[in-house]
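Engineer: So here's final22.cif, just mmCIF, C-alpha atoms:
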```
data_query
loop_
_atom_site.group_PDB
_atom_site.id
_atom_site.type_symbol
_atom_site.label_atom_id
_atom_site.label_comp_id
_atom_site.auth_asym_id
_atom_site.auth_seq_id
_atom_site.Cartn_x
_atom_site.Cartn_y
_atom_site.Cartn_z
ATOM 1 C CA MET A 1 -7.865 10.858 58.871
ATOM 2 C CA SER A 2 -6.038 11.382 62.133
ATOM 3 C CA LEU A 3 -2.421 12.441 62.469
ATOM 4 C CA GLU A 4 -1.598 8.958 63.720
ATOM 5 C CA ASP A 5 -3.191 7.404 60.623
ATOM 6 C CA LYS A 6 -1.258 9.747 58.315
ATOM 7 C CA LEU A 7 2.026 8.984 60.045
ATOM 8 C CA SER A 8 1.303 5.265 59.922
ATOM 9 C CA GLU A 9 0.485 5.510 56.221
ATOM 10 C CA GLU A 10 3.686 7.441 55.489
ATOM 11 C CA PHE A 11 5.686 4.933 57.507
ATOM 12 C CA ASP A 12 4.129 2.055 55.560
ATOM 13 C CA ASP A 13 5.014 3.822 52.297
ATOM 14 C CA LEU A 14 8.613 4.200 53.458
ATOM 15 C CA LYS A 15 8.804 0.518 54.347
ATOM 16 C CA ARG A 16 7.436 -0.423 50.909
ATOM 17 C CA ILE A 17 10.003 1.810 49.188
ATOM 18 C CA ARG A 18 12.720 0.350 51.409
ATOM 19 C CA ASP A 19 11.725 -3.197 50.447
ATOM 20 C CA GLU A 20 11.710 -2.312 46.747
ATOM 21 C CA LEU A 21 15.153 -0.711 47.020
ATOM 22 C CA GLN A 22 16.503 -3.708 48.893
ATOM 23 C CA VAL A 23 15.421 -6.001 46.037
ATOM 24 C CA LYS A 24 16.909 -3.659 43.408
ATOM 25 C CA ILE A 25 20.209 -3.440 45.305
ATOM 26 C CA HIS A 26 20.367 -7.226 45.604
ATOM 27 C CA LEU A 27 19.654 -7.683 41.897
ATOM 28 C CA GLY A 28 22.241 -5.018 41.079
ATOM 29 C CA LYS A 29 24.836 -6.839 43.143
ATOM 30 C CA VAL A 30 24.024 -10.101 41.349
ATOM 31 C CA GLU A 31 24.310 -8.400 37.956
ATOM 32 C CA ALA A 32 27.591 -6.727 38.942
ATOM 33 C CA LYS A 33 28.966 -10.087 40.112
ATOM 34 C CA GLU A 34 27.981 -11.753 36.833
ATOM 35 C CA ILE A 35 29.640 -8.961 34.846
ATOM 36 C CA TRP A 36 32.735 -9.287 37.032
ATOM 37 C CA GLU A 37 32.923 -13.048 36.459
ATOM 38 C CA ARG A 38 32.545 -12.656 32.684
ATOM 39 C CA SER A 39 35.227 -9.959 32.715
ATOM 40 C CA GLU A 40 37.556 -12.189 34.726
ATOM 41 C CA ARG A 41 37.145 -15.024 32.221
ATOM 42 C CA LYS A 42 37.822 -12.620 29.371
ATOM 43 C CA ILE A 43 40.903 -11.146 31.038
ATOM 44 C CA GLU A 44 42.269 -14.672 31.481
ATOM 45 C CA GLU A 45 41.610 -15.272 27.798
ATOM 46 C CA VAL A 46 43.436 -12.052 26.877
ATOM 47 C CA GLU A 47 46.355 -13.026 29.098
ATOM 48 C CA SER A 48 46.562 -16.382 27.334
ATOM 49 C CA LYS A 49 46.417 -14.747 23.906
ATOM 50 C CA LEU A 50 49.075 -12.200 24.853
ATOM 51 C CA LYS A 51 51.330 -15.028 26.013
ATOM 52 C CA PHE A 52 50.714 -16.782 22.722
ATOM 53 C CA ILE A 53 51.569 -13.593 20.836
ATOM 54 C CA SER A 54 54.881 -13.270 22.617
ATOM 55 C CA GLU A 55 55.712 -16.955 21.977
ATOM 56 C CA GLN A 56 54.680 -16.924 18.322
ATOM 57 C CA ALA A 57 55.862 -13.460 17.313
ATOM 58 C CA GLU A 58 57.167 -14.650 13.951
ATOM 59 C CA GLN A 59 53.700 -15.758 12.736
ATOM 60 C CA PRO A 60 51.048 -13.398 11.381
ATOM 61 C CA LEU A 61 49.280 -12.062 14.459
ATOM 62 C CA HIS A 62 46.698 -9.741 12.971
ATOM 63 C CA ASP A 63 43.686 -11.893 13.962
ATOM 64 C CA VAL A 64 44.998 -12.631 17.432
ATOM 65 C CA ARG A 65 45.790 -8.955 18.019
ATOM 66 C CA ASP A 66 42.281 -7.939 16.876
ATOM 67 C CA ALA A 67 40.677 -10.526 19.147
ATOM 68 C CA ALA A 68 42.743 -9.305 22.097
ATOM 69 C CA LYS A 69 41.718 -5.689 21.406
ATOM 70 C CA LEU A 70 38.069 -6.732 21.227
ATOM 71 C CA LEU A 71 38.301 -8.629 24.507
ATOM 72 C CA LEU A 72 40.067 -5.713 26.203
ATOM 73 C CA GLY A 73 37.249 -3.442 25.043
ATOM 74 C CA GLU A 74 34.617 -5.850 26.381
ATOM 75 C CA ILE A 75 36.416 -6.082 29.718
ATOM 76 C CA SER A 76 36.648 -2.309 29.922
ATOM 77 C CA ASP A 77 32.926 -2.011 29.166
ATOM 78 C CA GLY A 78 32.156 -4.606 31.832
ATOM 79 C CA TYR A 79 34.184 -2.734 34.438
ATOM 80 C CA LYS A 80 32.426 0.523 33.507
ATOM 81 C CA ARG A 81 29.031 -1.190 33.902
ATOM 82 C CA ILE A 82 30.080 -2.495 37.319
ATOM 83 C CA ARG A 83 31.271 0.969 38.344
ATOM 84 C CA ASP A 84 27.963 2.481 37.199
ATOM 85 C CA ALA A 85 25.925 -0.221 38.942
ATOM 86 C CA VAL A 86 27.705 0.107 42.256
#
```
Can the structure from this file be put into structure tokens for me?

Structural biologist:
Amino acid sequence: MSLEDKLSEEFDDLKRIRDELQVKIHLGKVEAKEIWERSERKIEEVESKLKFISEQAEQPLHDVRDAAKLLLGEISDGYKRIRDAV
């Protein structure tokens, strides 16, 4: 195998790796966007529940408070997954 053939083969390998990485990066961006959108919906839900809590403070709020904590945890996890993916 000539030097030119070896260099051409290495270059082709690099292009293949580049193409694979490009697909993975694109898929990662799509996944990060989906996580972001889910987190945004959840944060809106938490905001609504927190508003409800402040308006209905005299009623038992244990369930609402637990749901808000759960949603905040899910949002936090989503943001961590985005940070790790990007």

Engineer: Return the single residue from A:Glu37, A:Leu21, A:Asp12, A:Asp5 that is closest to Ile75 of chain A, with distances computed using all atoms listed in the file.

Structural biologist: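 Smallest distance to Ile75 of chain A is found for A:Glu37.
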
Engineer: Report as a PyMOL selection string all protein, DNA and RNA residues lying within 12 Å of Glu40 of chain A, evaluated on all atoms listed in the file, omitting residues in the same chain fewer than 5 positions from it.

Structural biologist: chain A and resi 33-35+45-47+71-72+74-76+78-79

Engineer: Can you tell me how far atom CA of Asp63 of chain A sits from atom CA of Leu50 of chain A, in Å to one decimal?

Structural biologist: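 The value is 12.2 Å.
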
Engineer: So how far away is atom CA of Glu20 of chain A from atom CA of Leu7 of chain A, in Å?

Structural biologist: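 Pair atom CA of Leu7 of chain A / atom CA of Glu20 of chain A returns 20.0 Å.
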
Engineer: Taking into account all atoms listed in the file, which residue in the set A:Glu31, A:Asp66, A:Glu55, A:Glu44 is nearest to Arg81 of chain A?

Structural biologist: A:Glu31

Engineer: For the file shown, what are the residues hit by the PyMOL selection byres ((chain A and resi 85) around 8), laid out as a list in words?

Structural biologist: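 Output from the PyMOL selection byres ((chain A and resi 85) around 8), applied to this file: Gly28, Lys29, Ala32, Arg81, Ile82, Arg83, Asp84 and Val86 of chain A.
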
Engineer: Record the distance separating atom CA of Asp19 of chain A and atom CA of Glu4 of chain A, expressed in Å with one decimal.

Structural biologist: 22.4 Å

Engineer: Of the candidates A:Lys51, A:Lys24, A:Arg65, A:Lys80, which one gets nearest to Ser39 of chain A if we count all atoms listed in the file?

Structural biologist: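 For Ser39 of chain A, the nearest of the candidates is A:Lys80.
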
Engineer: Determine the nearest neighbour of Ser48 of chain A from the options A:Lys6, A:His62, A:Ala67, A:Trp36, counting all atoms listed in the file.

Structural biologist: A:Ala67

Engineer: Would you mind writing segment 58-79 of chain A with N, CA and C atoms, as an mmCIF file, keeping the file's coordinate frame?

Structural biologist:
```
data_model
loop_
_atom_site.group_PDB
_atom_site.id
_atom_site.type_symbol
_atom_site.label_atom_id
_atom_site.label_comp_id
_atom_site.auth_asym_id
_atom_site.auth_seq_id
_atom_site.Cartn_x
_atom_site.Cartn_y
_atom_site.Cartn_z
ATOM 1 N N GLU A 58 56.786 -14.595 15.356
ATOM 2 C CA GLU A 58 57.167 -14.650 13.951
ATOM 3 C C GLU A 58 55.987 -14.958 13.029
ATOM 4 N N GLN A 59 54.868 -15.435 13.560
ATOM 5 C CA GLN A 59 53.700 -15.758 12.736
ATOM 6 C C GLN A 59 52.804 -14.533 12.584
ATOM 7 N N PRO A 60 51.989 -14.512 11.525
ATOM 8 C CA PRO A 60 51.048 -13.398 11.381
ATOM 9 C C PRO A 60 50.105 -13.334 12.584
ATOM 10 N N LEU A 61 50.045 -12.176 13.213
ATOM 11 C CA LEU A 61 49.280 -12.062 14.459
ATOM 12 C C LEU A 61 48.106 -11.102 14.347
ATOM 13 N N HIS A 62 47.766 -10.724 13.159
ATOM 14 C CA HIS A 62 46.698 -9.741 12.971
ATOM 15 C C HIS A 62 45.393 -10.182 13.643
ATOM 16 N N ASP A 63 44.959 -11.419 13.404
ATOM 17 C CA ASP A 63 43.686 -11.893 13.962
ATOM 18 C C ASP A 63 43.740 -11.986 15.481
ATOM 19 N N VAL A 64 44.847 -12.495 15.986
ATOM 20 C CA VAL A 64 44.998 -12.631 17.432
ATOM 21 C C VAL A 64 45.010 -11.254 18.091
ATOM 22 N N ARG A 65 45.718 -10.309 17.489
ATOM 23 C CA ARG A 65 45.790 -8.955 18.019
ATOM 24 C C ARG A 65 44.402 -8.308 18.033
ATOM 25 N N ASP A 66 43.637 -8.488 16.943
ATOM 26 C CA ASP A 66 42.281 -7.939 16.876
ATOM 27 C C ASP A 66 41.380 -8.551 17.942
ATOM 28 N N ALA A 67 41.489 -9.853 18.133
ATOM 29 C CA ALA A 67 40.677 -10.526 19.147
ATOM 30 C C ALA A 67 41.031 -10.015 20.540
ATOM 31 N N ALA A 68 42.317 -9.815 20.798
ATOM 32 C CA ALA A 68 42.743 -9.305 22.097
ATOM 33 C C ALA A 68 42.208 -7.891 22.315
ATOM 34 N N LYS A 69 42.256 -7.053 21.283
ATOM 35 C CA LYS A 69 41.718 -5.689 21.406
ATOM 36 C C LYS A 69 40.221 -5.723 21.699
ATOM 37 N N LEU A 70 39.504 -6.603 21.006
ATOM 38 C CA LEU A 70 38.069 -6.732 21.227
ATOM 39 C C LEU A 70 37.780 -7.156 22.662
ATOM 40 N N LEU A 71 38.502 -8.159 23.139
ATOM 41 C CA LEU A 71 38.301 -8.629 24.507
ATOM 42 C C LEU A 71 38.637 -7.544 25.522
ATOM 43 N N LEU A 72 39.723 -6.805 25.291
ATOM 44 C CA LEU A 72 40.067 -5.713 26.203
ATOM 45 C C LEU A 72 38.956 -4.670 26.241
ATOM 46 N N GLY A 73 38.370 -4.382 25.087
ATOM 47 C CA GLY A 73 37.249 -3.442 25.043
ATOM 48 C C GLY A 73 36.043 -3.960 25.807
ATOM 49 N N GLU A 74 35.745 -5.254 25.664
ATOM 50 C CA GLU A 74 34.617 -5.850 26.381
ATOM 51 C C GLU A 74 34.857 -5.834 27.891
ATOM 52 N N ILE A 75 36.083 -6.112 28.291
ATOM 53 C CA ILE A 75 36.416 -6.082 29.718
ATOM 54 C C ILE A 75 36.259 -4.664 30.252
ATOM 55 N N SER A 76 36.767 -3.707 29.511
ATOM 56 C CA SER A 76 36.648 -2.309 29.922
ATOM 57 C C SER A 76 35.185 -1.915 30.056
ATOM 58 N N ASP A 77 34.357 -2.303 29.095
ATOM 59 C CA ASP A 77 32.926 -2.011 29.166
ATOM 60 C C ASP A 77 32.294 -2.665 30.392
ATOM 61 N N GLY A 78 32.679 -3.906 30.653
ATOM 62 C CA GLY A 78 32.156 -4.606 31.832
ATOM 63 C C GLY A 78 32.518 -3.897 33.117
ATOM 64 N N TYR A 79 33.765 -3.459 33.238
ATOM 65 C CA TYR A 79 34.184 -2.734 34.438
ATOM 66 C C TYR A 79 33.434 -1.419 34.570
#
```
